[in-house]
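J.: What follows is input08.txt, compact mmCIF, C-alpha atoms and all ligand atoms.
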# COMPACT_ATOMS: atom_id res chain seq x y z
CA MET A 1026 -44.14 6.65 15.06
CA ILE A 1027 -46.46 5.83 17.98
CA LEU A 1028 -48.68 8.52 19.52
CA VAL A 1029 -49.13 8.46 23.31
CA THR A 1030 -51.96 10.69 24.60
CA GLY A 1031 -52.12 11.96 28.21
CA ALA A 1032 -48.37 11.61 27.83
CA ALA A 1033 -47.08 13.82 30.65
CA GLY A 1034 -48.92 11.93 33.41
CA LYS A 1035 -47.32 9.07 35.33
CA THR A 1036 -48.83 6.45 33.04
CA GLY A 1037 -47.84 8.26 29.85
CA ARG A 1038 -44.24 8.75 30.93
CA ALA A 1039 -43.91 5.08 31.95
CA VAL A 1040 -45.33 3.91 28.60
CA ILE A 1041 -43.01 6.25 26.67
CA ARG A 1042 -39.98 4.92 28.60
CA ALA A 1043 -40.98 1.33 27.82
CA LEU A 1044 -41.54 2.06 24.11
CA VAL A 1045 -38.25 3.96 23.77
CA ALA A 1046 -36.45 1.04 25.49
CA ARG A 1047 -37.75 -1.12 22.62
CA GLY A 1048 -36.37 1.32 20.03
CA GLU A 1049 -39.71 2.90 19.08
CA ALA A 1050 -40.11 6.55 18.08
CA VAL A 1051 -42.80 8.23 20.20
CA ARG A 1052 -44.88 11.36 19.66
CA ALA A 1053 -46.28 12.69 22.93
CA LEU A 1054 -49.54 14.63 23.17
CA VAL A 1055 -49.28 16.98 26.16
CA HIS A 1056 -51.72 19.50 27.58
CA ARG A 1057 -49.42 22.45 28.31
CA PRO A 1058 -46.19 23.59 26.62
CA GLU A 1059 -44.15 23.27 29.83
CA GLN A 1060 -44.96 19.52 29.93
CA GLY A 1061 -42.80 19.02 26.80
CA ARG A 1062 -39.72 18.77 29.00
CA LEU A 1063 -41.28 15.93 31.05
CA VAL A 1064 -41.86 13.72 28.01
CA GLU A 1065 -38.57 14.60 26.32
CA GLU A 1066 -36.76 13.54 29.50
CA VAL A 1067 -38.18 10.03 29.07
CA GLY A 1068 -37.30 9.90 25.36
CA ALA A 1069 -40.25 11.25 23.36
CA GLN A 1070 -39.00 12.20 19.91
CA GLU A 1071 -41.84 14.60 19.05
CA VAL A 1072 -44.14 16.70 21.25
CA VAL A 1073 -47.58 17.99 20.28
CA VAL A 1074 -49.34 20.43 22.61
CA GLY A 1075 -53.11 20.03 22.41
CA GLU A 1076 -56.53 19.72 24.01
CA MET A 1077 -57.84 16.14 23.93
CA ARG A 1078 -61.45 17.31 23.81
CA LEU A 1079 -60.81 19.05 20.48
CA GLN A 1080 -60.92 17.01 17.28
CA GLU A 1081 -58.42 19.37 15.65
CA SER A 1082 -55.80 18.64 18.35
CA MET A 1083 -56.30 14.89 18.20
CA ASP A 1084 -56.22 14.87 14.38
CA ARG A 1085 -53.00 16.90 14.37
CA ALA A 1086 -51.41 14.55 16.92
CA ALA A 1087 -52.50 11.36 15.13
CA GLN A 1088 -51.42 12.36 11.63
CA GLY A 1089 -48.69 10.10 10.24
CA THR A 1090 -48.61 7.71 13.20
CA ARG A 1091 -48.63 3.90 12.97
CA ALA A 1092 -50.34 3.33 16.31
CA ILE A 1093 -52.01 5.22 19.15
CA TYR A 1094 -51.79 4.49 22.89
CA HIS A 1095 -54.73 6.41 24.31
CA ILE A 1096 -54.62 7.49 27.96
CA CYS A 1097 -57.49 9.64 29.18
CA PRO A 1098 -56.74 11.99 32.09
CA ASN A 1099 -57.56 10.40 35.45
CA VAL A 1100 -61.24 10.55 36.57
CA HIS A 1101 -62.28 12.84 33.69
CA PRO A 1102 -66.06 13.42 33.36
CA GLU A 1103 -65.72 13.62 29.57
CA GLU A 1104 -63.86 10.33 29.11
CA VAL A 1105 -66.42 9.04 26.58
CA ALA A 1106 -66.31 12.16 24.38
CA ILE A 1107 -62.50 12.20 24.58
CA GLY A 1108 -62.43 8.51 23.61
CA GLN A 1109 -64.67 9.22 20.63
CA THR A 1110 -62.36 12.05 19.55
CA ALA A 1111 -59.32 9.77 19.78
CA ILE A 1112 -61.08 7.01 17.83
CA ALA A 1113 -62.17 9.46 15.11
CA ALA A 1114 -58.61 10.79 14.84
CA ALA A 1115 -57.25 7.23 14.53
CA ARG A 1116 -59.71 6.46 11.76
CA ALA A 1117 -58.96 9.69 9.89
CA ALA A 1118 -55.20 9.06 10.13
CA GLY A 1119 -55.61 5.40 9.09
CA VAL A 1120 -53.60 4.06 12.05
CA GLU A 1121 -52.88 0.32 12.10
CA HIS A 1122 -53.44 -0.21 15.81
CA PHE A 1123 -55.30 1.60 18.62
CA VAL A 1124 -54.52 0.58 22.20
CA TYR A 1125 -56.80 1.89 24.93
CA HIS A 1126 -55.66 2.28 28.53
CA SER A 1127 -58.83 1.22 30.35
CA VAL A 1128 -59.17 -0.15 33.87
CA LEU A 1129 -59.73 -3.48 35.62
CA HIS A 1130 -63.47 -4.26 35.82
CA PRO A 1131 -64.88 -1.35 33.81
CA GLN A 1132 -68.28 -3.08 34.20
CA ILE A 1133 -68.68 -1.79 37.76
CA GLU A 1134 -71.50 0.74 37.55
CA ALA A 1135 -70.97 1.84 41.19
CA MET A 1136 -67.68 3.39 40.08
CA PRO A 1137 -68.65 6.00 37.44
CA HIS A 1138 -65.13 6.43 36.04
CA HIS A 1139 -64.98 2.67 35.39
CA TRP A 1140 -68.38 2.71 33.72
CA LEU A 1141 -67.25 5.52 31.36
CA LYS A 1142 -64.26 3.43 30.31
CA MET A 1143 -66.62 0.55 29.47
CA ARG A 1144 -68.50 2.91 27.14
CA VAL A 1145 -65.25 3.79 25.35
CA GLU A 1146 -64.48 0.07 25.01
CA GLU A 1147 -67.92 -0.37 23.44
CA GLN A 1148 -67.14 2.41 20.94
CA LEU A 1149 -63.94 0.59 20.00
CA PHE A 1150 -65.81 -2.63 19.19
CA GLN A 1151 -67.84 -0.64 16.68
CA SER A 1152 -64.99 1.49 15.32
CA GLY A 1153 -63.61 -0.80 12.63
CA LEU A 1154 -60.14 -0.18 14.12
CA ASN A 1155 -57.62 -2.87 15.04
CA TYR A 1156 -57.79 -2.33 18.78
CA THR A 1157 -56.36 -3.77 22.00
CA ILE A 1158 -57.76 -2.93 25.44
CA LEU A 1159 -55.58 -3.02 28.55
CA GLN A 1160 -57.36 -3.11 31.92
CA PRO A 1161 -54.88 -2.40 34.73
CA ALA A 1162 -55.61 -2.80 38.45
CA ALA A 1163 -54.76 0.05 40.87
CA TYR A 1164 -51.07 0.96 40.65
CA MET A 1165 -48.60 0.13 43.42
CA GLN A 1166 -47.21 3.60 42.70
CA ASN A 1167 -50.37 5.14 44.27
CA VAL A 1168 -48.92 4.18 47.66
CA LEU A 1169 -45.96 6.51 47.01
CA ALA A 1170 -48.22 9.55 47.51
CA GLN A 1171 -47.89 8.69 51.20
CA TRP A 1172 -44.18 7.84 51.22
CA GLU A 1173 -43.05 10.77 53.41
CA HIS A 1174 -45.98 10.31 55.80
CA VAL A 1175 -45.19 6.61 56.17
CA LEU A 1176 -41.51 7.34 56.85
CA GLU A 1177 -42.17 10.19 59.28
CA GLN A 1178 -45.29 9.00 61.13
CA GLY A 1179 -45.20 5.22 60.63
CA ILE A 1180 -48.84 5.42 59.49
CA TYR A 1181 -50.29 4.21 56.18
CA ALA A 1182 -53.64 6.04 56.02
CA VAL A 1183 -56.41 4.82 53.70
CA PRO A 1184 -59.99 6.12 53.30
CA TYR A 1185 -61.47 2.64 53.83
CA SER A 1186 -61.20 -0.16 56.38
CA ALA A 1187 -57.70 -1.52 57.03
CA GLU A 1188 -59.09 -4.98 56.20
CA THR A 1189 -60.04 -3.95 52.64
CA ARG A 1190 -58.39 -6.28 50.12
CA LEU A 1191 -56.83 -4.60 47.07
CA GLY A 1192 -54.76 -6.24 44.34
CA MET A 1193 -52.24 -3.74 42.98
CA VAL A 1194 -50.07 -3.81 39.86
CA ASP A 1195 -46.67 -2.22 39.24
CA LEU A 1196 -47.08 0.57 36.66
CA GLU A 1197 -43.70 -0.45 35.20
CA ASP A 1198 -45.16 -3.91 34.43
CA VAL A 1199 -48.21 -2.28 32.84
CA ALA A 1200 -45.97 -0.06 30.69
CA GLU A 1201 -43.89 -3.04 29.61
CA ALA A 1202 -47.06 -4.92 28.66
CA ALA A 1203 -48.25 -1.85 26.70
CA ALA A 1204 -44.95 -1.75 24.79
CA ILE A 1205 -45.18 -5.49 24.04
CA VAL A 1206 -48.72 -5.16 22.73
CA LEU A 1207 -47.75 -2.18 20.56
CA THR A 1208 -44.60 -3.72 19.08
CA GLU A 1209 -45.34 -7.43 18.73
CA PRO A 1210 -47.97 -8.90 16.38
CA GLY A 1211 -51.10 -10.76 17.36
CA HIS A 1212 -52.76 -8.62 20.02
CA GLU A 1213 -55.43 -7.03 17.82
CA GLY A 1214 -58.96 -7.60 19.12
CA ALA A 1215 -57.71 -8.59 22.59
CA THR A 1216 -58.80 -7.32 26.02
CA TYR A 1217 -56.26 -8.03 28.76
CA GLU A 1218 -56.74 -7.69 32.52
CA LEU A 1219 -53.43 -6.56 34.04
CA ALA A 1220 -53.18 -7.43 37.72
CA GLY A 1221 -50.24 -8.02 40.00
CA SER A 1222 -50.15 -10.43 42.90
CA GLU A 1223 -48.38 -11.05 46.18
CA VAL A 1224 -49.22 -14.72 46.18
CA GLU A 1225 -49.89 -17.44 43.61
CA THR A 1226 -53.66 -17.27 44.02
CA ALA A 1227 -55.18 -13.96 43.01
CA ALA A 1228 -57.98 -14.45 45.52
CA GLU A 1229 -55.56 -13.50 48.28
CA ALA A 1230 -55.09 -9.82 47.50
CA LEU A 1231 -53.44 -7.86 50.31
CA THR A 1232 -55.40 -6.20 53.09
CA GLN A 1233 -54.22 -2.69 54.01
CA THR A 1234 -52.86 -4.13 57.27
CA GLU A 1235 -50.73 -6.51 55.17
CA VAL A 1236 -49.64 -3.61 52.92
CA ALA A 1237 -48.47 -1.76 56.06
CA ALA A 1238 -46.66 -4.90 57.28
CA ILE A 1239 -44.75 -5.15 53.99
CA LEU A 1240 -43.85 -1.44 54.18
CA SER A 1241 -42.68 -2.02 57.74
CA GLN A 1242 -40.59 -5.05 56.81
CA GLN A 1243 -38.97 -3.43 53.77
CA LEU A 1244 -38.32 -0.08 55.47
CA GLY A 1245 -37.09 -1.59 58.73
CA ARG A 1246 -39.37 0.53 60.92
CA PRO A 1247 -42.88 0.13 62.36
CA VAL A 1248 -45.74 1.04 60.00
CA ARG A 1249 -49.43 0.49 60.76
CA ALA A 1250 -52.51 0.94 58.57
CA GLU A 1251 -55.06 3.48 59.72
CA ALA A 1252 -58.58 3.97 58.33
CA LEU A 1253 -59.10 7.65 57.56
CA PRO A 1254 -62.74 8.88 57.90
CA LEU A 1255 -64.12 9.66 54.43
CA GLU A 1256 -65.03 13.20 55.60
CA THR A 1257 -61.36 13.83 56.48
CA TRP A 1258 -60.22 12.57 53.08
CA GLU A 1259 -62.89 14.66 51.33
CA LYS A 1260 -61.82 17.85 53.14
CA TRP A 1261 -58.17 17.20 52.25
CA ALA A 1262 -59.07 16.42 48.60
CA ARG A 1263 -61.05 19.65 48.18
CA GLU A 1264 -58.28 21.68 49.82
CA SER A 1265 -55.77 20.19 47.38
CA GLY A 1266 -57.90 21.34 44.44
CA LEU A 1267 -59.90 18.26 43.34
CA GLY A 1268 -63.22 19.18 41.71
CA ASP A 1269 -66.72 17.97 42.69
CA TYR A 1270 -66.86 15.20 40.06
CA GLN A 1271 -63.46 13.81 41.07
CA VAL A 1272 -64.21 13.94 44.82
CA GLU A 1273 -67.67 12.34 44.47
CA THR A 1274 -66.40 9.65 42.10
CA LEU A 1275 -63.42 8.75 44.28
CA VAL A 1276 -65.66 8.57 47.37
CA LYS A 1277 -67.86 6.07 45.48
CA MET A 1278 -64.71 4.11 44.58
CA PHE A 1279 -63.52 3.99 48.19
CA ARG A 1280 -66.96 2.79 49.36
CA TYR A 1281 -66.92 0.08 46.69
CA TYR A 1282 -63.39 -0.99 47.68
CA GLU A 1283 -64.41 -1.30 51.31
CA ARG A 1284 -67.57 -3.25 50.54
CA HIS A 1285 -66.21 -5.67 47.95
CA GLY A 1286 -62.42 -5.35 47.65
CA PHE A 1287 -60.88 -5.01 44.20
CA TRP A 1288 -58.44 -7.38 42.53
CA GLY A 1289 -57.82 -9.47 39.44
CA ASN A 1290 -55.90 -12.49 38.26
CA PRO A 1291 -52.17 -12.00 37.53
CA ARG A 1292 -51.81 -14.77 34.93
CA VAL A 1293 -52.49 -12.70 31.80
CA LEU A 1294 -49.89 -10.11 32.79
CA GLY A 1295 -47.41 -12.89 33.62
CA TRP A 1296 -48.02 -14.45 30.21
CA LEU A 1297 -47.53 -11.15 28.39
CA LEU A 1298 -44.31 -10.32 30.28
CA GLY A 1299 -42.91 -13.86 30.19
CA ARG A 1300 -42.26 -13.62 33.97
CA PRO A 1301 -44.36 -13.30 37.13
CA PRO A 1302 -45.59 -9.72 37.72
CA THR A 1303 -43.70 -7.67 40.33
CA THR A 1304 -44.87 -8.27 43.90
CA PHE A 1305 -45.62 -5.37 46.24
CA ALA A 1306 -42.72 -6.44 48.49
CA ALA A 1307 -40.28 -6.32 45.54
CA PHE A 1308 -41.72 -2.96 44.46
CA VAL A 1309 -41.24 -1.41 47.93
CA GLU A 1310 -37.75 -2.91 48.22
CA GLN A 1311 -36.75 -1.29 44.92
CA VAL A 1312 -38.25 2.11 45.79
CA ALA A 1313 -36.57 2.04 49.22
CA GLN A 1314 -33.21 1.33 47.61
CA GLU A 1315 -33.67 4.13 45.07
CA ARG A 1316 -34.84 6.68 47.63
CA LEU A 1317 -33.05 5.68 50.82
CA GLY A 1318 -29.99 3.85 49.55
CA PRO A 1319 -28.86 0.23 50.14
CA GLY A 1320 -29.16 -1.54 53.48
CA THR A 1321 -32.55 -0.06 54.37
CA GLU A 1322 -33.67 -3.12 56.30
N1 LIG A 1401 -53.85 5.37 39.08
C1 LIG A 1401 -54.25 4.12 38.96
O1 LIG A 1401 -54.12 3.30 39.87
C2 LIG A 1401 -54.88 3.67 37.65
C3 LIG A 1401 -55.19 2.31 37.47
C4 LIG A 1401 -55.77 1.91 36.28
C5 LIG A 1401 -56.04 2.83 35.29
N2 LIG A 1401 -55.73 4.15 35.49
C6 LIG A 1401 -56.03 5.11 34.42
O2 LIG A 1401 -54.83 5.64 33.94
C7 LIG A 1401 -55.12 6.86 33.24
C8 LIG A 1401 -54.02 7.85 33.44
O3 LIG A 1401 -53.83 8.17 34.78
P1 LIG A 1401 -52.62 9.13 35.19
O4 LIG A 1401 -52.76 9.35 36.67
O5 LIG A 1401 -51.35 8.64 34.63
O6 LIG A 1401 -53.03 10.43 34.38
P2 LIG A 1401 -52.95 11.94 34.76
O7 LIG A 1401 -51.85 12.21 35.74
O8 LIG A 1401 -54.32 12.40 35.02
O9 LIG A 1401 -52.31 12.48 33.40
C9 LIG A 1401 -52.94 12.74 32.29
C10 LIG A 1401 -52.27 13.87 31.53
O10 LIG A 1401 -53.28 14.37 30.68
C11 LIG A 1401 -53.26 15.79 30.73
N3 LIG A 1401 -54.59 16.33 30.45
C12 LIG A 1401 -55.59 16.63 31.33
N4 LIG A 1401 -56.65 17.11 30.69
C13 LIG A 1401 -56.30 17.17 29.37
C14 LIG A 1401 -56.97 17.60 28.22
N5 LIG A 1401 -58.22 18.06 28.27
N6 LIG A 1401 -56.32 17.55 27.03
C15 LIG A 1401 -55.05 17.07 26.96
N7 LIG A 1401 -54.37 16.62 28.02
C16 LIG A 1401 -54.99 16.67 29.22
C17 LIG A 1401 -52.79 16.14 32.12
O11 LIG A 1401 -52.23 17.46 32.10
P3 LIG A 1401 -52.64 18.57 33.19
O12 LIG A 1401 -51.64 18.41 34.27
O13 LIG A 1401 -52.49 19.84 32.43
O14 LIG A 1401 -54.04 18.33 33.61
C18 LIG A 1401 -51.76 15.03 32.40
O15 LIG A 1401 -50.48 15.41 31.96
C19 LIG A 1401 -56.50 7.31 33.72
O16 LIG A 1401 -57.42 7.15 32.67
C20 LIG A 1401 -56.80 6.34 34.86
O17 LIG A 1401 -58.17 6.06 34.99
C21 LIG A 1401 -55.14 4.58 36.64
Would you give me this structure, written as structure tokens?
T.:
Amino acid sequence: MILVTGAAGKTGRAVIRALVARGEAVRALVHRPEQGRLVEEVGAQEVVVGEMRLQESMDRAAQGTRAIYHICPNVHPEEVAIGQTAIAAARAAGVEHFVYHSVLHPQIEAMPHHWLKMRVEEQLFQSGLNYTILQPAAYMQNVLAQWEHVLEQGIYAVPYSAETRLGMVDLEDVAEAAAIVLTEPGHEGATYELAGSEVETAAEALTQTEVAAILSQQLGRPVRAEALPLETWEKWARESGLGDYQVETLVKMFRYYERHGFWGNPRVLGWLLGRPPTTFAAFVEQVAQERLGPGTE
């Protein structure tokens, strides 16, 4: 039995699907009872409802498991304490393997949610556990939040300059890599950067103008990138219920992206998967076929 925490989120459900596809039994830790259905739909065998900040919940979820895939909720101010709780539960349950879903470049202090993940990684080094750390780039799936807007308005709006270079990774590739690491031997003690790529050289991550061009090409209609003023994004984010910590942290992330770009090298992910990582063009083509039917172009 493998425990997946943060299981009802998009990452958790993708990892469960990938583990179940490999014949693994999964226990899903969810936050609210109604989320049980979401993880059962993707094949979770057992569901535990619990609060990740509470040791009792984590201990209950970890009991009797062989391995833990720990996913902290996105941009959570208590990521370090939650990580410590998960590590303590793993130790108490005597799990063989602890895999932590971190992020690409956790060393970046200018992005506080990255920095917190680095602190959890540090705790793992000292935990005595057999651990593996996965560091994914930004997901291609994040673009889907704008799918309807792109189709209706032909505008891909981002809260940074359209020339900002970002290397994205397909969450399905990340989930497959997670399942490989959890089910095949030899990954203990490893830290893997998981980045996708559009081109052979990672140094050529896509600008947002190029992202829009790929959307345009794959959808067969004009799409242009538009830089959204940060104040406009902030107003929208607060109206949609994001808290102060999340808004302030994401604003810092957008500023960092614009100043420096954000990407990694795809070779490690390619090596783990035994094939090149999915390109953004292939990702959009697949989504378009699923959502709009064949012959989109
Ligand atoms: N998005 C990206 O591009 C990207 C890239 C690299 C790494 N990551 C990392 O991936 C991780 C997961 O992101 P995600 O978007 O898949 O997660 P998410 O949607 O935030 O999902 C996490 C799940 O955890 C639950 N949860 C929240 N607070 C909880 C608590 N106190 N106790 C128990 N469960 C709780 C949430 O339920 P509720 O709905 O009840 O809150 C949700 O079902 C994050 O750590 C993020 O930093 C993301």
J.: Please provide the set of residues having any atom within 9 Å of Val1183 in chain A, restricted to only C-alpha atoms, with same-chain residues fewer than 6 positions apart removed, written as a short mmCIF file (atom, residue, chain, number, x, y, z; two decimals) with C-alpha atoms, in the frame of the given file.
T.:
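For reference, selection_15.cif as written:
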data_model
loop_
_atom_site.label_atom_id
_atom_site.label_comp_id
_atom_site.auth_asym_id
_atom_site.auth_seq_id
_atom_site.Cartn_x
_atom_site.Cartn_y
_atom_site.Cartn_z
CA GLN A 1233 -54.22 -2.69 54.01
CA ALA A 1250 -52.51 0.94 58.57
CA GLU A 1251 -55.06 3.48 59.72
CA ALA A 1252 -58.58 3.97 58.33
CA LEU A 1253 -59.10 7.65 57.56
CA PRO A 1254 -62.74 8.88 57.90
CA TRP A 1258 -60.22 12.57 53.08
#
J.: Counting all atoms listed in the file, which of A:Ile1133, A:Leu1154, A:Arg1057, A:Gly1031 gets nearest to Pro1098 in chain A?
T.: A:Gly1031
J.: Would you mind listing what lies within 8 Å of Val1029 in chain A as a ChimeraX atom specification, with all atoms listed in the file counted and same-chain residues fewer than 3 positions away left out?
T.: /A:1032,1037,1040-1041,1051-1054,1093-1096
J.: Show me a table, sorted first by chain and then by increasing residue number, of the residues of chain A having an atom at most 6 Å from ligand LIG 1401 (chain A), each with its shortest atom pair and the distance in Å to one decimal, counting only C-alpha atoms and all ligand atoms and written as a tab-separated table.
T.:
residue	atom	partner	partner_atom	distance
A:Gly1031	CA	A:LIG1401	O10	3.6
A:Ala1032	CA	A:LIG1401	C10	5.8
A:Ala1033	CA	A:LIG1401	O15	4.0
A:Gly1034	CA	A:LIG1401	O9	3.4
A:Lys1035	CA	A:LIG1401	O5	4.1
A:Thr1036	CA	A:LIG1401	O5	3.7
A:Gly1037	CA	A:LIG1401	O5	5.9
A:Val1055	CA	A:LIG1401	N7	5.4
A:His1056	CA	A:LIG1401	N7	3.9
A:Arg1057	CA	A:LIG1401	O13	5.8
A:Gly1075	CA	A:LIG1401	C15	5.8
A:Glu1076	CA	A:LIG1401	N6	3.7
A:Met1077	CA	A:LIG1401	N6	3.7
A:Arg1078	CA	A:LIG1401	N5	5.6
A:Ile1096	CA	A:LIG1401	C7	5.3
A:Cys1097	CA	A:LIG1401	O16	4.3
A:Pro1098	CA	A:LIG1401	O8	3.8
A:Asn1099	CA	A:LIG1401	C19	3.7
A:Val1100	CA	A:LIG1401	O17	5.7
A:Ser1127	CA	A:LIG1401	C5	5.9
A:Val1128	CA	A:LIG1401	C5	4.5
A:Pro1161	CA	A:LIG1401	C4	4.7
A:Ala1162	CA	A:LIG1401	C4	5.2
A:Ala1163	CA	A:LIG1401	O1	3.5
A:Tyr1164	CA	A:LIG1401	O1	3.9
J.: Name the closest residue to Val1206 in chain A among the candidates A:Lys1142, A:Arg1316, A:His1122, A:His1130; distances are taken between atoms, counting only C-alpha atoms.
T.: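 The closest residue to Val1206 in chain A is A:His1122.
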J.: Write out as a list in words each polymer residue whose atoms come within 8 Å of range 1087-1091 of chain A, counting only C-alpha atoms; drop sequence neighbours fewer than 2 positions from it.
T.: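 The contact residues come out as Met1026, Ile1027, Leu1028, Met1083, Asp1084, Arg1085, Ile1093, Ala1114, Ala1115, Ala1118, Val1120, Glu1121 and His1122 of chain A.
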J.: Using CA of Gln1314 in chain A and CA of Gln1243 in chain A as the two end points, give the distance in Å to one decimal.
T.: 9.7 Å
J.: For Tyr1282 in chain A, which of A:Val1194, A:Leu1219, A:Ala1187, A:Val1072 is the closest residue, counting only C-alpha atoms?
T.: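 Of the candidates, the smallest distance to Tyr1282 in chain A is held by A:Ala1187.
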J.: Generate the coordinates of N, CA and C atoms for range 1201-1223 of chain A; report them as a PDB file, keeping the file's coordinate frame.
T.:
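Once written, out24.pdb looks like this:
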ATOM      1  N   GLU A1201     -44.595  -2.037  30.412  1.00  0.00           N
ATOM      2  CA  GLU A1201     -43.890  -3.040  29.610  1.00  0.00           C
ATOM      3  C   GLU A1201     -44.888  -3.848  28.772  1.00  0.00           C
ATOM      4  N   ALA A1202     -46.019  -4.185  29.388  1.00  0.00           N
ATOM      5  CA  ALA A1202     -47.060  -4.920  28.660  1.00  0.00           C
ATOM      6  C   ALA A1202     -47.595  -4.062  27.507  1.00  0.00           C
ATOM      7  N   ALA A1203     -47.759  -2.756  27.755  1.00  0.00           N
ATOM      8  CA  ALA A1203     -48.250  -1.850  26.700  1.00  0.00           C
ATOM      9  C   ALA A1203     -47.261  -1.843  25.529  1.00  0.00           C
ATOM     10  N   ALA A1204     -45.972  -1.783  25.845  1.00  0.00           N
ATOM     11  CA  ALA A1204     -44.950  -1.750  24.790  1.00  0.00           C
ATOM     12  C   ALA A1204     -44.934  -3.069  24.007  1.00  0.00           C
ATOM     13  N   ILE A1205     -45.143  -4.178  24.713  1.00  0.00           N
ATOM     14  CA  ILE A1205     -45.180  -5.490  24.040  1.00  0.00           C
ATOM     15  C   ILE A1205     -46.353  -5.544  23.063  1.00  0.00           C
ATOM     16  N   VAL A1206     -47.503  -5.116  23.547  1.00  0.00           N
ATOM     17  CA  VAL A1206     -48.720  -5.160  22.730  1.00  0.00           C
ATOM     18  C   VAL A1206     -48.589  -4.266  21.491  1.00  0.00           C
ATOM     19  N   LEU A1207     -47.887  -3.141  21.672  1.00  0.00           N
ATOM     20  CA  LEU A1207     -47.750  -2.180  20.560  1.00  0.00           C
ATOM     21  C   LEU A1207     -46.663  -2.569  19.561  1.00  0.00           C
ATOM     22  N   THR A1208     -45.744  -3.444  19.960  1.00  0.00           N
ATOM     23  CA  THR A1208     -44.600  -3.720  19.080  1.00  0.00           C
ATOM     24  C   THR A1208     -44.533  -5.163  18.588  1.00  0.00           C
ATOM     25  N   GLU A1209     -45.349  -6.043  19.174  1.00  0.00           N
ATOM     26  CA  GLU A1209     -45.340  -7.430  18.730  1.00  0.00           C
ATOM     27  C   GLU A1209     -46.685  -7.748  18.072  1.00  0.00           C
ATOM     28  N   PRO A1210     -46.696  -8.632  17.078  1.00  0.00           N
ATOM     29  CA  PRO A1210     -47.970  -8.900  16.380  1.00  0.00           C
ATOM     30  C   PRO A1210     -48.906  -9.784  17.203  1.00  0.00           C
ATOM     31  N   GLY A1211     -50.167  -9.767  16.834  1.00  0.00           N
ATOM     32  CA  GLY A1211     -51.100 -10.760  17.360  1.00  0.00           C
ATOM     33  C   GLY A1211     -51.980 -10.328  18.506  1.00  0.00           C
ATOM     34  N   HIS A1212     -51.955  -9.054  18.873  1.00  0.00           N
ATOM     35  CA  HIS A1212     -52.760  -8.620  20.020  1.00  0.00           C
ATOM     36  C   HIS A1212     -54.024  -7.854  19.601  1.00  0.00           C
ATOM     37  N   GLU A1213     -54.258  -7.769  18.286  1.00  0.00           N
ATOM     38  CA  GLU A1213     -55.430  -7.030  17.820  1.00  0.00           C
ATOM     39  C   GLU A1213     -56.705  -7.762  18.253  1.00  0.00           C
ATOM     40  N   GLY A1214     -57.679  -7.009  18.713  1.00  0.00           N
ATOM     41  CA  GLY A1214     -58.960  -7.600  19.120  1.00  0.00           C
ATOM     42  C   GLY A1214     -58.945  -8.158  20.543  1.00  0.00           C
ATOM     43  N   ALA A1215     -57.820  -8.001  21.254  1.00  0.00           N
ATOM     44  CA  ALA A1215     -57.710  -8.590  22.590  1.00  0.00           C
ATOM     45  C   ALA A1215     -58.057  -7.588  23.691  1.00  0.00           C
ATOM     46  N   THR A1216     -58.599  -8.105  24.796  1.00  0.00           N
ATOM     47  CA  THR A1216     -58.800  -7.320  26.020  1.00  0.00           C
ATOM     48  C   THR A1216     -58.067  -8.060  27.132  1.00  0.00           C
ATOM     49  N   TYR A1217     -57.092  -7.372  27.757  1.00  0.00           N
ATOM     50  CA  TYR A1217     -56.260  -8.030  28.760  1.00  0.00           C
ATOM     51  C   TYR A1217     -56.422  -7.371  30.124  1.00  0.00           C
ATOM     52  N   GLU A1218     -56.753  -8.181  31.142  1.00  0.00           N
ATOM     53  CA  GLU A1218     -56.740  -7.690  32.520  1.00  0.00           C
ATOM     54  C   GLU A1218     -55.300  -7.745  33.023  1.00  0.00           C
ATOM     55  N   LEU A1219     -54.819  -6.627  33.578  1.00  0.00           N
ATOM     56  CA  LEU A1219     -53.430  -6.560  34.040  1.00  0.00           C
ATOM     57  C   LEU A1219     -53.409  -6.382  35.560  1.00  0.00           C
ATOM     58  N   ALA A1220     -53.200  -7.478  36.257  1.00  0.00           N
ATOM     59  CA  ALA A1220     -53.180  -7.430  37.720  1.00  0.00           C
ATOM     60  C   ALA A1220     -51.879  -8.002  38.233  1.00  0.00           C
ATOM     61  N   GLY A1221     -51.415  -7.452  39.344  1.00  0.00           N
ATOM     62  CA  GLY A1221     -50.240  -8.020  40.000  1.00  0.00           C
ATOM     63  C   GLY A1221     -50.714  -8.977  41.079  1.00  0.00           C
ATOM     64  N   SER A1222     -49.757  -9.527  41.826  1.00  0.00           N
ATOM     65  CA  SER A1222     -50.150 -10.430  42.900  1.00  0.00           C
ATOM     66  C   SER A1222     -49.022 -10.575  43.902  1.00  0.00           C
ATOM     67  N   GLU A1223     -49.393 -10.796  45.141  1.00  0.00           N
ATOM     68  CA  GLU A1223     -48.380 -11.050  46.180  1.00  0.00           C
ATOM     69  C   GLU A1223     -48.190 -12.546  46.338  1.00  0.00           C
TER      70      GLU A1223
END
